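Worksheet for the structure shown next.
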Amino acid sequence: GGKGSAAPMAKALEILGYKSATVWVTIGSTIALFSVLLAGAYSTTRLLFNMAQHRILPEVFEKVSARGVPIVATLVVGGSIGVLTALLD
C-alpha cells in the first residue's frame, strides 16, 4: 500500500498547480478543526452541568462561577483534554 497524504485536498490542488490555493485550504481546515474542537468542549461542559441538575452526575458539577460558568465541569473537561493531548501526542 502507498503512503497517503495527511491533507488530501491540499495535495490535490498542489498537483493541479494551484500552489497558493493549498495554503488557503490548509488555513481553512485548521480554523475549522479548532472551531469544532472548541464547540465540542463548550457543549460537553454544559452537558455535564445539565446532567448534574438532573441528578445523573454528582452535584459538584452544578457549581457555577459568579458569571454563570459551570466551573467544575469546565475544569474537568479542560483537564481531560489536556491529559489526553499529553498522552496521545
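Starting from 1 in every chain, residues are counted up; chains themselves are A, B, ... following the order of the C-alpha cells, and ligands are numbered from 1 as listed.
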
List the spatial neighbours of segment 60-68 of chain A as a PDB file with C-alpha atoms, in the first residue's frame - criterion: any atom at most 8 Å away, only C-alpha atoms, same-chain residues fewer than 4 positions off excluded.
ATOM      1  CA  LEU A  48     -22.139  17.745  32.464  1.00  0.00           C
ATOM      2  CA  PHE A  49     -23.796  20.716  34.171  1.00  0.00           C
ATOM      3  CA  ASN A  50     -27.245  19.691  32.932  1.00  0.00           C
ATOM      4  CA  ALA A  52     -25.847  17.228  37.451  1.00  0.00           C
ATOM      5  CA  GLN A  53     -29.042  19.280  37.589  1.00  0.00           C
ATOM      6  CA  VAL A  72     -16.156  22.390  37.886  1.00  0.00           C
ATOM      7  CA  ALA A  73     -17.386  20.952  34.587  1.00  0.00           C
TER       8      ALA A  73
END

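Between atom CA of Ile81 of chain A and atom CA of Ala41 of chain A the interatomic distance comes to 8.4 Å.
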
Handout entry: Coordinates-based distance that separates atom CA of Thr45 of chain A from atom CA of Val69 of chain A (Å, one decimal)
Key = 9.1 Å

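By chain and then residue number, the residues within 12 Å of segment 5-10 of chain A are A:Ile15, A:Leu16, A:Gly17, A:Tyr18, A:Lys19, A:Ser20, A:Ala21, A:Thr22, A:Val23, A:Trp24, A:Val25, A:Thr26, A:Ile27, A:Gly28, A:Ser29, A:Thr30, counting only C-alpha atoms and disregarding those fewer than 5 positions away in sequence.
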
Those selected residues, please, written with all heavy atoms and delivered as a compact mmCIF listing (two decimals), in the first residue's frame.
# COMPACT_ATOMS: atom_id res chain seq x y z
N ILE A 15 -0.95 19.29 -6.84
CA ILE A 15 -0.69 18.50 -8.05
C ILE A 15 -1.27 19.20 -9.29
O ILE A 15 -0.66 19.21 -10.36
CB ILE A 15 -1.26 17.07 -7.91
CG1 ILE A 15 -0.44 16.30 -6.88
CG2 ILE A 15 -1.28 16.34 -9.24
CD1 ILE A 15 -1.05 14.98 -6.46
N LEU A 16 -2.44 19.83 -9.13
CA LEU A 16 -3.07 20.53 -10.24
C LEU A 16 -2.42 21.88 -10.54
O LEU A 16 -2.78 22.54 -11.50
CB LEU A 16 -4.56 20.73 -9.94
CG LEU A 16 -5.40 19.45 -9.93
CD1 LEU A 16 -6.82 19.74 -9.46
CD2 LEU A 16 -5.43 18.81 -11.32
N GLY A 17 -1.48 22.28 -9.71
CA GLY A 17 -0.74 23.52 -9.97
C GLY A 17 -1.26 24.74 -9.23
O GLY A 17 -0.81 25.85 -9.49
N TYR A 18 -2.20 24.56 -8.33
CA TYR A 18 -2.75 25.68 -7.56
C TYR A 18 -2.03 25.78 -6.22
O TYR A 18 -2.62 25.57 -5.17
CB TYR A 18 -4.25 25.50 -7.35
CG TYR A 18 -5.04 25.45 -8.63
CD1 TYR A 18 -5.58 24.25 -9.08
CD2 TYR A 18 -5.26 26.60 -9.37
CE1 TYR A 18 -6.32 24.20 -10.25
CE2 TYR A 18 -5.99 26.56 -10.54
CZ TYR A 18 -6.52 25.35 -10.97
OH TYR A 18 -7.24 25.31 -12.13
N LYS A 19 -0.78 26.13 -6.25
CA LYS A 19 0.03 26.14 -5.03
C LYS A 19 -0.48 27.15 -3.99
O LYS A 19 -0.47 26.87 -2.80
CB LYS A 19 1.49 26.38 -5.35
CG LYS A 19 2.10 25.24 -6.14
CD LYS A 19 3.61 25.26 -6.05
CE LYS A 19 4.22 24.21 -6.96
NZ LYS A 19 4.16 22.88 -6.48
N SER A 20 -0.93 28.31 -4.43
CA SER A 20 -1.42 29.30 -3.46
C SER A 20 -2.73 28.84 -2.82
O SER A 20 -3.02 29.16 -1.67
CB SER A 20 -1.60 30.67 -4.11
OG SER A 20 -2.57 30.60 -5.14
N ALA A 21 -3.52 28.08 -3.55
CA ALA A 21 -4.78 27.57 -3.00
C ALA A 21 -4.53 26.56 -1.89
O ALA A 21 -5.33 26.45 -0.95
CB ALA A 21 -5.62 26.94 -4.10
N THR A 22 -3.42 25.83 -1.96
CA THR A 22 -3.12 24.85 -0.92
C THR A 22 -2.95 25.54 0.44
O THR A 22 -3.36 25.00 1.46
CB THR A 22 -1.86 24.02 -1.25
OG1 THR A 22 -0.74 24.89 -1.36
CG2 THR A 22 -2.03 23.24 -2.52
N VAL A 23 -2.35 26.73 0.42
CA VAL A 23 -2.17 27.47 1.68
C VAL A 23 -3.53 27.83 2.27
O VAL A 23 -3.78 27.64 3.46
CB VAL A 23 -1.32 28.74 1.44
CG1 VAL A 23 -1.27 29.60 2.69
CG2 VAL A 23 0.07 28.37 0.98
N TRP A 24 -4.43 28.32 1.43
CA TRP A 24 -5.74 28.73 1.91
C TRP A 24 -6.58 27.54 2.38
O TRP A 24 -7.30 27.63 3.37
CB TRP A 24 -6.48 29.54 0.86
CG TRP A 24 -5.85 30.87 0.66
CD1 TRP A 24 -5.12 31.28 -0.42
CD2 TRP A 24 -5.83 31.95 1.59
NE1 TRP A 24 -4.65 32.56 -0.21
CE2 TRP A 24 -5.07 32.99 1.02
CE3 TRP A 24 -6.36 32.14 2.86
CZ2 TRP A 24 -4.85 34.20 1.67
CZ3 TRP A 24 -6.15 33.35 3.49
CH2 TRP A 24 -5.40 34.36 2.91
N VAL A 25 -6.48 26.42 1.69
CA VAL A 25 -7.20 25.22 2.12
C VAL A 25 -6.67 24.74 3.46
O VAL A 25 -7.43 24.36 4.35
CB VAL A 25 -7.10 24.10 1.04
CG1 VAL A 25 -7.56 22.77 1.59
CG2 VAL A 25 -7.89 24.48 -0.18
N THR A 26 -5.36 24.78 3.62
CA THR A 26 -4.76 24.36 4.88
C THR A 26 -5.17 25.28 6.02
O THR A 26 -5.51 24.82 7.11
CB THR A 26 -3.22 24.31 4.75
OG1 THR A 26 -2.88 23.43 3.67
CG2 THR A 26 -2.57 23.83 6.02
N ILE A 27 -5.15 26.58 5.78
CA ILE A 27 -5.57 27.55 6.80
C ILE A 27 -7.05 27.33 7.16
O ILE A 27 -7.41 27.29 8.34
CB ILE A 27 -5.33 28.99 6.33
CG1 ILE A 27 -3.83 29.28 6.27
CG2 ILE A 27 -6.04 30.00 7.23
CD1 ILE A 27 -3.48 30.59 5.60
N GLY A 28 -7.90 27.18 6.15
CA GLY A 28 -9.32 26.95 6.40
C GLY A 28 -9.58 25.67 7.16
O GLY A 28 -10.41 25.63 8.06
N SER A 29 -8.86 24.63 6.82
CA SER A 29 -9.01 23.35 7.51
C SER A 29 -8.60 23.45 8.98
O SER A 29 -9.25 22.90 9.86
CB SER A 29 -8.17 22.27 6.83
OG SER A 29 -8.58 22.08 5.52
N THR A 30 -7.52 24.18 9.22
CA THR A 30 -7.04 24.36 10.60
C THR A 30 -8.04 25.15 11.42
O THR A 30 -8.36 24.78 12.56
CB THR A 30 -5.67 25.06 10.60
OG1 THR A 30 -4.77 24.29 9.80
CG2 THR A 30 -5.12 25.21 12.00

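A straight line drawn from atom CA of Ser35 of chain A to atom CA of Glu14 of chain A is 25.2 Å long.
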
Exercise for the section: List every residue of chain A that DSSP, applied to the backbone of this structure, assigns to alpha helix (DSSP H), and report them as a VMD selection string. Expected result: chain A and resid 8 to 15 19 to 53 71 to 88

Handout entry: Given only C-alpha atoms as the counted atoms, nearest of A:Leu13, A:Gly82, A:Pro70, A:Arg55 to Ser43 of chain A
Key = A:Pro70
